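*Asks:* Coordinates in data.cif, mmCIF, C-alpha atoms, are listed below.
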```cif
data_protein
loop_
_atom_site.label_atom_id
_atom_site.label_comp_id
_atom_site.auth_asym_id
_atom_site.auth_seq_id
_atom_site.Cartn_x
_atom_site.Cartn_y
_atom_site.Cartn_z
CA MET J 1 56.35 82.91 87.69
CA VAL J 2 58.98 81.89 90.22
CA ASP J 3 57.72 79.49 92.88
CA GLU J 4 59.01 81.13 96.06
CA ARG J 5 58.02 78.16 98.18
CA ALA J 6 60.25 75.90 96.10
CA GLN J 7 63.13 78.39 96.39
CA LEU J 8 62.91 78.18 100.19
CA GLU J 9 63.07 74.39 100.36
CA VAL J 10 66.31 72.96 101.81
CA ALA J 11 67.95 69.88 100.28
CA ARG J 12 68.07 66.72 102.38
CA LEU J 13 70.42 63.78 102.11
CA GLY J 14 67.64 61.35 102.99
CA GLU J 15 65.17 60.20 105.61
CA CYS J 16 66.09 60.76 109.27
CA ARG J 17 65.97 57.40 111.08
CA VAL J 18 68.47 57.79 113.92
CA ASP J 19 67.27 58.84 117.38
CA SER J 20 68.86 62.17 118.23
CA PRO J 21 70.93 62.41 121.43
CA LEU J 22 69.06 65.67 122.03
CA SER J 23 65.56 64.20 121.75
CA ALA J 24 65.24 64.15 125.55
CA LEU J 25 65.56 67.94 125.55
CA LEU J 26 62.63 68.34 123.17
CA ARG J 27 59.43 68.62 125.17
CA ARG J 28 57.28 68.64 122.03
CA GLN J 29 55.34 71.62 123.27
CA GLY J 30 54.73 72.76 119.72
CA THR J 31 55.39 76.25 118.43
CA THR J 32 55.39 79.05 121.00
CA GLN J 33 56.41 82.68 121.07
CA HIS J 34 60.00 81.59 121.78
CA TYR J 35 60.27 78.25 119.95
CA VAL J 36 59.39 76.93 116.51
CA ASP J 37 58.53 73.24 116.30
CA GLU J 38 60.42 71.28 113.66
CA THR J 39 57.14 70.52 111.85
CA ASP J 40 56.25 74.22 111.58
CA ARG J 41 57.48 76.89 109.15
CA VAL J 42 58.62 80.54 109.51
CA LEU J 43 56.75 82.84 107.15
CA LEU J 44 58.76 84.93 104.71
CA ASP J 45 56.39 87.89 105.19
CA ASP J 46 55.67 89.50 108.55
CA THR J 47 52.96 92.09 107.96
CA VAL J 48 49.24 91.79 107.24
CA ALA J 49 49.63 93.83 104.05
CA LEU J 50 52.38 91.63 102.62
CA VAL J 51 50.53 88.42 103.44
CA ALA J 52 47.21 89.74 102.11
CA ALA J 53 48.86 90.89 98.87
CA ARG J 54 49.69 87.28 98.02
CA GLY J 55 46.04 86.28 98.07
CA VAL J 56 46.76 82.61 98.78
CA PRO J 57 45.82 80.25 101.62
CA VAL J 58 48.13 80.20 104.63
CA ALA J 59 49.42 76.74 103.75
CA GLU J 60 50.66 78.08 100.40
CA LEU J 61 52.53 81.09 101.78
CA PRO J 62 56.32 81.04 101.22
CA ALA J 63 58.09 80.04 104.43
CA PHE J 64 61.46 78.90 105.76
CA GLU J 65 62.20 75.63 107.51
CA PRO J 66 62.92 76.44 111.18
CA GLY J 67 66.28 75.78 112.74
CA GLY J 68 66.85 73.76 115.89
CA PRO J 69 67.31 70.15 117.02
CA ARG J 70 65.29 67.30 115.53
CA SER J 71 64.00 64.22 117.33
CA LYS J 72 65.30 62.04 114.48
CA ILE J 73 68.59 62.67 112.67
CA TYR J 74 70.23 61.38 109.52
CA PHE J 75 73.79 60.68 110.66
CA ASP J 76 74.81 58.20 113.37
CA PRO J 77 76.98 60.43 115.59
CA SER J 78 79.32 57.59 116.59
CA LYS J 79 80.26 57.08 112.95
CA THR J 80 80.20 60.71 111.79
CA ARG J 81 83.30 62.65 110.75
CA VAL J 82 83.20 66.40 110.38
CA GLY J 83 85.31 69.10 108.72
CA ILE J 84 85.35 72.84 109.43
CA VAL J 85 86.82 75.58 107.22
CA THR J 86 86.94 79.39 107.52
CA CYS J 87 87.22 81.43 104.32
CA GLY J 88 87.49 85.03 103.14
CA GLY J 89 88.29 88.14 105.15
CA LEU J 90 88.54 88.22 108.92
CA CYS J 91 85.49 89.04 110.98
CA PRO J 92 84.83 89.20 114.73
CA GLY J 93 83.39 85.90 115.96
CA LEU J 94 85.11 83.34 113.73
CA ASN J 95 86.74 81.59 116.68
CA ASP J 96 83.45 81.68 118.59
CA VAL J 97 81.76 79.76 115.78
CA ILE J 98 84.58 77.21 115.53
CA ARG J 99 84.53 76.61 119.28
CA ALA J 100 80.73 76.31 119.45
CA LEU J 101 80.65 73.84 116.52
CA VAL J 102 83.24 71.63 118.18
CA LEU J 103 81.62 71.72 121.62
CA GLU J 104 78.12 71.00 120.29
CA LEU J 105 79.31 68.16 118.08
CA THR J 106 81.41 66.63 120.83
CA ASN J 107 79.46 67.19 124.02
CA HIS J 108 75.89 66.80 122.79
CA TYR J 109 76.07 64.60 119.71
CA GLY J 110 79.09 62.49 120.60
CA VAL J 111 80.93 63.04 117.32
CA ARG J 112 84.46 61.72 117.77
CA ARG J 113 86.39 63.04 114.78
CA ILE J 114 86.43 66.73 113.83
CA VAL J 115 89.13 68.23 111.65
CA GLY J 116 89.86 71.82 110.73
CA PHE J 117 91.24 72.81 107.34
CA ARG J 118 93.99 75.42 107.26
CA ASN J 119 93.79 78.63 105.24
CA GLY J 120 90.35 78.35 103.72
CA TYR J 121 89.66 76.22 100.67
CA GLN J 122 93.41 75.93 100.12
CA GLY J 123 93.39 73.50 103.03
CA LEU J 124 91.16 71.13 101.06
CA THR J 125 93.28 71.30 97.91
CA ALA J 126 96.18 68.85 97.69
CA ARG J 127 98.72 71.06 95.89
CA TYR J 128 98.94 73.49 98.81
CA GLY J 129 99.98 70.76 101.24
CA ARG J 130 98.17 72.30 104.23
CA PRO J 131 97.97 69.89 107.18
CA VAL J 132 94.59 69.27 108.81
CA VAL J 133 94.07 70.17 112.45
CA ASP J 134 92.34 67.76 114.84
CA LEU J 135 89.76 69.70 116.82
CA ASP J 136 88.43 68.78 120.23
CA PRO J 137 87.23 70.71 123.31
CA GLU J 138 90.77 71.09 124.64
CA VAL J 139 92.08 72.53 121.37
CA VAL J 140 89.30 75.14 121.14
CA ALA J 141 89.29 76.08 124.83
CA GLY J 142 89.46 79.84 125.20
CA ILE J 143 89.84 80.65 121.49
CA ASN J 144 86.72 82.83 121.66
CA GLU J 145 88.77 85.38 123.61
CA TYR J 146 90.85 86.14 120.53
CA GLY J 147 90.17 87.74 117.18
CA GLY J 148 90.87 86.12 113.83
CA THR J 149 90.59 82.37 113.25
CA ILE J 150 92.78 79.58 114.60
CA LEU J 151 92.33 77.78 111.29
CA GLY J 152 93.58 80.66 109.18
CA THR J 153 91.85 81.80 106.01
CA SER J 154 92.40 82.71 102.38
CA ARG J 155 90.59 84.19 99.42
CA GLY J 156 90.17 82.74 95.96
CA ASN J 157 88.38 79.92 94.20
CA GLN J 158 89.57 76.33 94.29
CA ASP J 159 88.54 73.34 92.18
CA PRO J 160 85.44 71.74 93.78
CA ASP J 161 86.42 68.33 92.41
CA GLU J 162 89.73 68.49 94.27
CA ILE J 163 87.92 69.58 97.41
CA VAL J 164 85.45 66.69 97.22
CA ASP J 165 88.38 64.34 96.58
CA CYS J 166 89.77 65.52 99.91
CA LEU J 167 86.45 64.98 101.69
CA GLU J 168 86.31 61.45 100.31
CA ARG J 169 89.90 60.65 101.30
CA LEU J 170 89.16 61.70 104.86
CA SER J 171 85.77 59.92 104.84
CA LEU J 172 84.03 63.08 106.03
CA ASN J 173 80.25 63.17 106.34
CA VAL J 174 79.80 66.89 107.03
CA LEU J 175 81.59 70.06 105.96
CA PHE J 176 80.89 73.34 107.76
CA VAL J 177 81.87 76.41 105.74
CA ILE J 178 82.22 79.70 107.64
CA GLY J 179 82.48 82.52 105.13
CA GLY J 180 80.86 85.24 103.05
CA ASP J 181 79.03 85.23 99.73
CA GLY J 182 82.09 84.15 97.73
CA SER J 183 82.75 81.31 100.17
CA MET J 184 79.10 80.26 99.96
CA ARG J 185 79.29 80.18 96.18
CA GLY J 186 82.21 77.82 96.63
CA ALA J 187 80.19 75.78 99.14
CA LEU J 188 77.36 75.47 96.64
CA ARG J 189 79.75 74.19 93.97
CA ILE J 190 81.12 71.67 96.49
CA ALA J 191 77.61 70.50 97.37
CA GLU J 192 76.70 70.17 93.69
CA THR J 193 79.83 68.12 93.06
CA VAL J 194 78.98 65.93 96.06
CA ALA J 195 75.50 65.35 94.64
CA ALA J 196 76.84 64.63 91.15
CA ARG J 197 79.02 61.87 92.60
CA GLY J 198 76.10 60.40 94.52
CA LEU J 199 77.81 60.99 97.88
CA ARG J 200 76.09 61.56 101.23
CA ILE J 201 78.04 64.55 102.51
CA ALA J 202 76.23 67.50 104.09
CA VAL J 203 77.54 70.97 103.25
CA VAL J 204 76.26 73.59 105.70
CA GLY J 205 77.28 77.23 105.83
CA VAL J 206 77.53 79.70 108.68
CA PRO J 207 77.36 83.01 106.79
CA LYS J 208 80.05 85.51 107.70
CA THR J 209 80.04 89.00 106.29
CA ILE J 210 81.07 92.02 108.27
CA ASP J 211 79.05 94.17 105.82
CA ASN J 212 75.77 92.45 106.79
CA ASP J 213 74.88 92.08 103.11
CA ILE J 214 73.59 88.48 102.87
CA PRO J 215 69.84 88.47 102.03
CA PHE J 216 67.19 86.66 104.07
CA ILE J 217 69.40 86.88 107.15
CA GLU J 218 68.55 89.67 109.54
CA ARG J 219 72.07 90.15 110.84
CA SER J 220 75.36 88.41 110.16
CA PHE J 221 77.66 87.62 113.05
CA GLY J 222 80.39 90.15 113.76
CA PHE J 223 78.34 93.04 112.42
CA GLN J 224 77.38 94.44 115.83
CA THR J 225 80.97 94.20 117.04
CA ALA J 226 82.14 95.93 113.87
CA PHE J 227 79.88 98.96 114.04
CA GLY J 228 80.46 99.23 117.78
CA LYS J 229 84.22 99.34 117.23
CA ALA J 230 83.76 101.78 114.35
CA THR J 231 82.20 104.31 116.71
CA GLU J 232 85.61 104.68 118.38
CA ALA J 233 87.10 105.93 115.10
CA ILE J 234 84.21 108.35 114.62
CA ARG J 235 84.62 109.62 118.17
CA ALA J 236 88.35 110.19 117.65
CA ALA J 237 87.83 111.97 114.34
CA HIS J 238 85.13 114.15 115.87
CA VAL J 239 87.40 115.16 118.75
CA GLU J 240 90.09 116.14 116.23
CA ALA J 241 87.59 118.07 114.11
CA THR J 242 86.26 120.10 117.02
CA ALA J 243 89.76 120.94 118.30
CA PHE J 244 90.96 122.83 115.20
CA PRO J 245 89.57 125.77 113.25
CA ASN J 246 87.47 124.56 110.33
CA GLY J 247 88.13 121.00 111.41
CA ILE J 248 86.85 118.09 109.33
CA GLY J 249 86.80 114.49 110.49
CA LEU J 250 86.61 111.89 107.72
CA VAL J 251 86.19 108.20 108.58
CA GLN J 252 85.96 105.42 105.98
CA LEU J 253 84.29 102.21 107.13
CA MET J 254 83.72 98.78 105.58
CA GLY J 255 80.84 98.36 103.17
CA ARG J 256 81.67 97.38 99.59
CA HIS J 257 78.07 97.35 98.39
CA SER J 258 76.06 97.95 101.55
CA GLY J 259 76.28 100.88 103.93
CA PHE J 260 75.01 99.18 107.08
CA ILE J 261 78.18 99.64 109.15
CA ALA J 262 78.41 103.33 108.21
CA CYS J 263 74.73 103.87 109.07
CA TYR J 264 74.72 102.01 112.37
CA ALA J 265 78.05 103.43 113.54
CA ALA J 266 76.91 106.95 112.73
CA LEU J 267 73.67 106.44 114.64
CA ALA J 268 75.41 104.83 117.62
CA ASN J 269 77.88 107.70 117.89
CA ASN J 270 75.50 110.45 116.71
CA ASP J 271 78.35 112.88 115.94
CA ALA J 272 78.25 112.48 112.15
CA ASP J 273 77.03 115.35 109.99
CA TYR J 274 77.18 113.34 106.77
CA VAL J 275 76.95 109.66 105.87
CA LEU J 276 77.77 108.57 102.32
CA ILE J 277 76.87 105.02 101.27
CA PRO J 278 76.85 103.03 98.00
CA GLU J 279 73.06 102.75 97.88
CA VAL J 280 72.46 106.51 97.73
CA PRO J 281 74.18 108.28 94.80
CA PHE J 282 75.49 111.77 95.44
CA ALA J 283 76.98 114.63 93.46
CA LEU J 284 80.29 116.01 94.70
CA ASP J 285 80.34 119.22 92.66
CA GLY J 286 77.95 122.02 91.89
CA PRO J 287 75.77 124.26 94.04
CA GLY J 288 73.80 121.31 95.41
CA GLY J 289 76.74 118.96 95.66
CA PHE J 290 78.31 117.48 98.76
CA LEU J 291 81.50 119.57 98.71
CA GLU J 292 79.75 122.92 98.74
CA HIS J 293 77.31 121.75 101.41
CA LEU J 294 80.26 120.60 103.52
CA ARG J 295 82.05 123.93 103.11
CA ARG J 296 78.96 125.88 104.18
CA ARG J 297 78.51 123.56 107.14
CA VAL J 298 82.11 124.14 108.27
CA LEU J 299 81.88 127.91 107.84
CA ASP J 300 78.57 128.02 109.70
CA ARG J 301 79.43 125.74 112.65
CA GLY J 302 83.20 125.56 112.67
CA HIS J 303 83.62 121.82 112.05
CA ALA J 304 82.06 118.79 110.38
CA MET J 305 82.15 114.99 110.69
CA VAL J 306 81.88 112.77 107.59
CA VAL J 307 81.40 108.97 107.57
CA VAL J 308 81.77 107.16 104.26
CA ALA J 309 81.37 103.49 103.31
CA GLU J 310 84.25 102.10 101.24
CA GLY J 311 81.99 101.28 98.30
CA ALA J 312 80.50 104.76 98.05
CA GLY J 313 81.42 107.07 95.18
CA GLN J 314 83.02 104.40 93.00
CA GLU J 315 81.53 106.15 89.95
CA TYR J 316 84.16 108.87 90.47
CA LEU J 317 86.99 106.33 90.28
CA SER J 318 88.24 103.93 87.65
CA ALA J 319 88.84 100.56 89.30
CA THR J 320 88.80 97.55 86.98
CA GLY J 321 89.06 93.79 87.36
CA ARG J 322 88.24 91.49 90.24
CA ASP J 323 90.00 90.41 93.42
CA ALA J 324 90.88 86.85 94.47
CA SER J 325 87.36 86.30 95.82
CA GLY J 326 85.76 87.31 92.53
CA ASN J 327 84.51 90.67 93.82
CA ALA J 328 84.78 93.76 91.66
CA ARG J 329 87.85 95.73 92.69
CA LEU J 330 87.29 98.98 94.53
CA GLU J 331 89.49 102.03 94.63
CA ASP J 332 90.04 103.91 97.87
CA PHE J 333 87.24 106.44 97.82
CA GLY J 334 88.11 107.74 101.29
CA ARG J 335 91.52 108.90 100.12
CA TYR J 336 90.02 110.30 96.92
CA LEU J 337 87.42 112.23 98.91
CA ARG J 338 90.09 113.57 101.25
CA GLY J 339 91.92 115.01 98.24
CA ARG J 340 88.74 116.46 96.75
CA ILE J 341 87.75 118.12 100.04
CA ALA J 342 91.20 119.68 100.42
CA ALA J 343 91.18 120.93 96.82
CA HIS J 344 87.68 122.38 97.15
CA PHE J 345 88.51 124.33 100.30
CA ASP J 346 91.80 125.55 98.79
CA ALA J 347 90.01 126.77 95.67
CA ALA J 348 87.52 128.67 97.84
CA GLY J 349 90.33 130.20 99.90
CA VAL J 350 89.07 128.57 103.09
CA GLU J 351 91.40 126.96 105.61
CA ALA J 352 90.54 123.32 106.43
CA ASN J 353 92.08 120.99 109.00
CA LEU J 354 91.19 117.52 107.75
CA LYS J 355 91.80 114.31 109.71
CA TYR J 356 91.28 111.02 107.86
CA ILE J 357 90.89 107.63 109.60
CA ASP J 358 90.39 104.19 108.04
CA PRO J 359 90.11 101.59 110.85
CA SER J 360 89.01 98.66 108.66
CA TYR J 361 91.64 96.06 109.58
CA THR J 362 91.63 97.11 113.22
CA ILE J 363 87.91 96.34 113.31
CA ARG J 364 88.14 93.04 111.43
CA SER J 365 90.68 91.58 113.85
CA VAL J 366 89.01 92.22 117.21
CA PRO J 367 87.23 89.55 119.30
CA ALA J 368 83.45 89.46 119.19
CA ASP J 369 81.52 91.51 121.73
CA PRO J 370 79.17 89.66 124.15
CA TYR J 371 76.12 90.00 121.88
CA ASP J 372 77.95 88.60 118.87
CA SER J 373 79.49 85.84 121.00
CA VAL J 374 76.02 84.65 121.98
CA TYR J 375 74.81 84.95 118.39
CA CYS J 376 77.78 82.92 117.12
CA ILE J 377 77.07 80.13 119.59
CA ARG J 378 73.41 79.96 118.59
CA LEU J 379 74.22 80.00 114.87
CA ALA J 380 76.73 77.19 115.40
CA HIS J 381 74.19 75.12 117.32
CA ALA J 382 71.64 75.62 114.54
CA ALA J 383 74.24 74.60 111.94
CA VAL J 384 75.08 71.39 113.82
CA HIS J 385 71.41 70.46 114.25
CA ALA J 386 70.80 70.99 110.52
CA ALA J 387 73.83 69.00 109.39
CA MET J 388 73.17 66.06 111.71
CA ALA J 389 69.61 65.94 110.35
CA GLY J 390 71.00 65.57 106.84
CA ARG J 391 70.29 69.06 105.57
CA THR J 392 72.69 70.30 102.91
CA GLU J 393 73.29 73.15 100.44
CA MET J 394 72.06 75.59 103.08
CA VAL J 395 73.12 78.29 105.53
CA VAL J 396 71.76 79.07 108.95
CA GLY J 397 70.51 82.51 109.87
CA ARG J 398 67.82 84.41 111.72
CA TRP J 399 64.68 85.74 110.04
CA ARG J 400 61.93 87.65 111.85
CA GLY J 401 63.66 86.75 115.12
CA ARG J 402 63.63 83.00 114.37
CA PHE J 403 66.54 80.75 113.42
CA VAL J 404 65.92 79.29 109.97
CA HIS J 405 67.48 77.25 107.18
CA VAL J 406 68.16 79.19 103.97
CA PRO J 407 69.17 77.42 100.74
CA ILE J 408 72.61 78.61 99.65
CA ALA J 409 71.31 79.42 96.16
CA LEU J 410 68.87 81.89 97.70
CA ALA J 411 71.43 83.35 100.13
CA ILE J 412 73.77 84.26 97.24
CA SER J 413 71.04 85.33 94.80
CA SER J 414 71.24 89.03 95.72
CA ARG J 415 72.65 91.43 98.31
CA ASN J 416 71.10 92.89 101.42
CA LEU J 417 71.19 96.66 100.89
CA VAL J 418 70.22 99.77 102.81
CA ASP J 419 66.88 100.85 101.37
CA PRO J 420 67.04 104.59 100.50
CA ASP J 421 63.28 104.68 101.20
CA GLY J 422 63.49 102.60 104.37
CA ASP J 423 63.39 103.52 108.03
CA LEU J 424 67.13 103.00 108.65
CA TRP J 425 68.18 105.61 106.10
CA LEU J 426 65.43 107.92 107.36
CA SER J 427 66.96 107.64 110.85
CA VAL J 428 70.37 108.54 109.42
CA LEU J 429 68.94 111.62 107.71
CA GLU J 430 67.22 112.63 110.94
CA ALA J 431 70.39 112.14 113.02
CA THR J 432 72.79 113.91 110.65
CA GLY J 433 70.55 116.64 109.29
CA GLN J 434 72.03 116.13 105.83
CA PRO J 435 69.76 116.66 102.81
CA PRO J 436 68.06 113.55 101.36
CA VAL J 437 70.16 113.89 98.21
CA PHE J 438 73.17 115.85 97.02
CA ALA J 439 72.40 116.88 93.46
CA PRO J 440 73.64 119.76 91.26
CA ASP J 441 70.12 121.11 90.82
CA GLN J 442 69.52 121.61 94.55
CA SER J 443 68.86 125.14 95.71
CA ARG J 444 71.75 127.06 97.24
CA SER J 445 69.39 127.97 100.03
CA SER J 446 68.96 124.39 101.30
CA SER J 447 69.70 124.24 105.00
CA PRO J 448 73.20 123.09 106.04
#
```
Rewrite the structure from the file as structure tokens, please.
*Replies:*
Amino acid sequence: MVDERAQLEVARLGECRVDSPLSALLRRQGTTQHYVDETDRVLLDDTVALVAARGVPVAELPAFEPGGPRSKIYFDPSKTRVGIVTCGGLCPGLNDVIRALVLELTNHYGVRRIVGFRNGYQGLTARYGRPVVDLDPEVVAGINEYGGTILGTSRGNQDPDEIVDCLERLSLNVLFVIGGDGSMRGALRIAETVAARGLRIAVVGVPKTIDNDIPFIERSFGFQTAFGKATEAIRAAHVEATAFPNGIGLVQLMGRHSGFIACYAALANNDADYVLIPEVPFALDGPGGFLEHLRRRVLDRGHAMVVVAEGAGQEYLSATGRDASGNARLEDFGRYLRGRIAAHFDAAGVEANLKYIDPSYTIRSVPADPYDSVYCIRLAHAAVHAAMAGRTEMVVGRWRGRFVHVPIALAISSRNLVDPDGDLWLSVLEATGQPPVFAPDQSRSSSP
């Protein structure tokens, strides 16, 4: 049987013996409703039923180490050198995280040398010849007002031995990796290489995924900005659909494996009649299939609005291979669905005015909204506190409303998915009025 408590333990470089510059801010009030003491733990489970089902004493329940400043730290700030790298696709909030890391390290810990690596892990690999960027409060001033990342990014794996060579050459003590699951897999390999060489270098991740699909983290930064921006595309498509006879708005949103953006955007806008996501299979054809249901909906009410996640319906396509980040390649289901809808209406002799919108890159490149900006700052603070206390092979996140440390191995062990039996998908079904499942054996009389 897997020991969940052991899985939740975060690696440490060694004993913390240095007085933290932030110790004066710690009032040692113990755990409260709004603060978790560093000696406490955050339970994995949050309901009586889940806790009772384990049948073990409270002290043996699986729990996360809480985030936040420590009274004693591992690294001497005056002698600490730090590196920061951003990897993978763009996401709102990257610059916010970079800025917050630099300001916290400089202003509160007194770290004097911080460097940024250009274009993801390429910047730590000698053959690319990317120059490092010295980072200080003046360099990062105002960057949170802009989308993207001032450090640039890239996809693709690089040799962890070459990366650790770079860290050694620069005498770095800490590496912050801002990226998604592929980037965190790379960070884990870096940390393992560091450990194999007997080095004392902390590798701490700030998880970035616009799809919100990292497990044991309630919400990834940039997600709220993304689904908020996505509502603009849904609104535009809905206006187009209602303006023409038999109008159909079709919007494809990000979500390779998880349909969170599609679900939240549809709920926020509340104009969608259908939401199709990877977690809920659906039939396109047949009397109970999506296409016939859509046609009846258009004939009955004059228009329809469809929101689809990019990873939905891949079983109808034939993509093969993997991209530079190691993810399975996807084909463009939105375009495929547009063609299938047009063909279905043509075959039935029904006019259709279809408008298709894919705003993915527009959404990825925008600055973070105020909520995400605050979240980015707090994640960055938690990451700095963890790294300075010698924690490594971990990411920071929020669980049950608390900031916690999550081992990287656990954070990349699975994906956070929309539960077809959960309350989020139930809310989508309630808001759209679509049937729970599109299947060929459904009755023709099911309500549109």
*Asks:* Taking the file above as input, evaluate the PyMOL selection byres ((chain J and resi 157) around 10) and report the hits as a list in words.
*Replies:*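 Applying the expression gives Gly120, Tyr121, Gln122, Ser154, Arg155, Gly156, Gln158, Asp159, Pro160, Gly182, Ser183, Arg185, Gly186, Ala324, Ser325 and Gly326 of chain J.
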*Asks:* Which is closer to J:Phe438 than all the others in J:Ala383, J:Ala343, J:Leu294, J:Leu337, using all atoms listed in the file?
*Replies:* J:Leu294
*Asks:* Counting only C-alpha atoms, note down every residue that has an atom within 8 Å of the point (64.6, 89.9, 111.0) (file coordinates), as number ranges by chain.
*Replies:* J: 217-219, 398-402
*Asks:* Neighbourhood query: residues within 8 Å of (63.2, 74.1, 112.0), file coordinates, counting all atoms listed in the file; return as a list in words.
*Replies:*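 Output: Val36, Asp37, Glu38, Thr39, Asp40, Arg41, Glu65, Pro66, Gly67, Gly68, Pro69, Arg70, Phe403, Val404 and His405 of chain J.
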*Asks:* Between atom CA of J:Tyr146 and atom CA of J:Asp369, what is the spacing in Å?
*Replies:*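 Between these atoms lies a distance of 10.8 Å.
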*Asks:* Determine, counting all atoms listed in the file, which protein, DNA and RNA residues have an atom within 7 Å of an atom of stretch 163-168 of chain J; residues of the same chain fewer than 6 positions away are not included. Present the result as a ChimeraX atom specification.
*Replies:* /J:124-125,190,194
*Asks:* Using all atoms listed in the file for the distances, tell me which of J:Leu426, J:Met394, J:Val82, J:Leu188 is nearest to J:Ser171.
*Replies:*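 Answer, going by the shortest atom-to-atom distance: J:Val82.
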*Asks:* J:Val307, J:Leu44, J:Leu299, J:Ile201: which is nearest J:Leu276, counting only C-alpha atoms?
*Replies:*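 The shortest atom-to-atom distance to J:Leu276 comes from J:Val307.
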*Asks:* Since the input lacks atoms, please generate N, CA and C atoms for stretch 169-187 of chain J and provide them as a short mmCIF file (atom, residue, chain, number, x, y, z; two decimals), in the coordinates of the input.
*Replies:*
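Everything below was put into rebuild.cif:
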```
data_model
loop_
_atom_site.label_atom_id
_atom_site.label_comp_id
_atom_site.auth_asym_id
_atom_site.auth_seq_id
_atom_site.Cartn_x
_atom_site.Cartn_y
_atom_site.Cartn_z
N ARG J 169 88.71 61.29 100.73
CA ARG J 169 89.90 60.65 101.30
C ARG J 169 89.83 60.60 102.82
N LEU J 170 89.26 61.64 103.41
CA LEU J 170 89.16 61.70 104.86
C LEU J 170 87.88 61.06 105.38
N SER J 171 87.04 60.56 104.47
CA SER J 171 85.77 59.92 104.84
C SER J 171 84.89 60.84 105.69
N LEU J 172 84.84 62.11 105.29
CA LEU J 172 84.03 63.08 106.03
C LEU J 172 82.56 62.98 105.61
N ASN J 173 81.69 63.18 106.59
CA ASN J 173 80.25 63.17 106.34
C ASN J 173 79.64 64.57 106.29
N VAL J 174 80.32 65.53 106.93
CA VAL J 174 79.80 66.89 107.03
C VAL J 174 80.94 67.88 106.83
N LEU J 175 80.65 68.95 106.08
CA LEU J 175 81.59 70.06 105.96
C LEU J 175 80.87 71.34 106.35
N PHE J 176 81.40 72.03 107.37
CA PHE J 176 80.89 73.34 107.76
C PHE J 176 81.77 74.41 107.11
N VAL J 177 81.15 75.32 106.38
CA VAL J 177 81.87 76.41 105.74
C VAL J 177 81.47 77.71 106.43
N ILE J 178 82.46 78.41 106.99
CA ILE J 178 82.22 79.70 107.64
C ILE J 178 82.81 80.76 106.73
N GLY J 179 81.96 81.55 106.09
CA GLY J 179 82.48 82.52 105.13
C GLY J 179 81.38 83.38 104.56
N GLY J 180 81.78 84.30 103.66
CA GLY J 180 80.86 85.24 103.05
C GLY J 180 80.25 84.72 101.77
N ASP J 181 79.76 85.65 100.93
CA ASP J 181 79.03 85.23 99.73
C ASP J 181 79.92 84.46 98.76
N GLY J 182 81.19 84.89 98.60
CA GLY J 182 82.09 84.15 97.73
C GLY J 182 82.35 82.75 98.25
N SER J 183 82.53 82.63 99.55
CA SER J 183 82.75 81.31 100.17
C SER J 183 81.52 80.44 100.00
N MET J 184 80.33 81.04 100.10
CA MET J 184 79.10 80.26 99.96
C MET J 184 78.88 79.83 98.51
N ARG J 185 79.33 80.63 97.57
CA ARG J 185 79.29 80.18 96.18
C ARG J 185 80.18 78.95 96.00
N GLY J 186 81.33 78.99 96.65
CA GLY J 186 82.21 77.82 96.63
C GLY J 186 81.56 76.63 97.31
N ALA J 187 80.86 76.86 98.42
CA ALA J 187 80.19 75.78 99.14
C ALA J 187 79.10 75.16 98.28
#
```
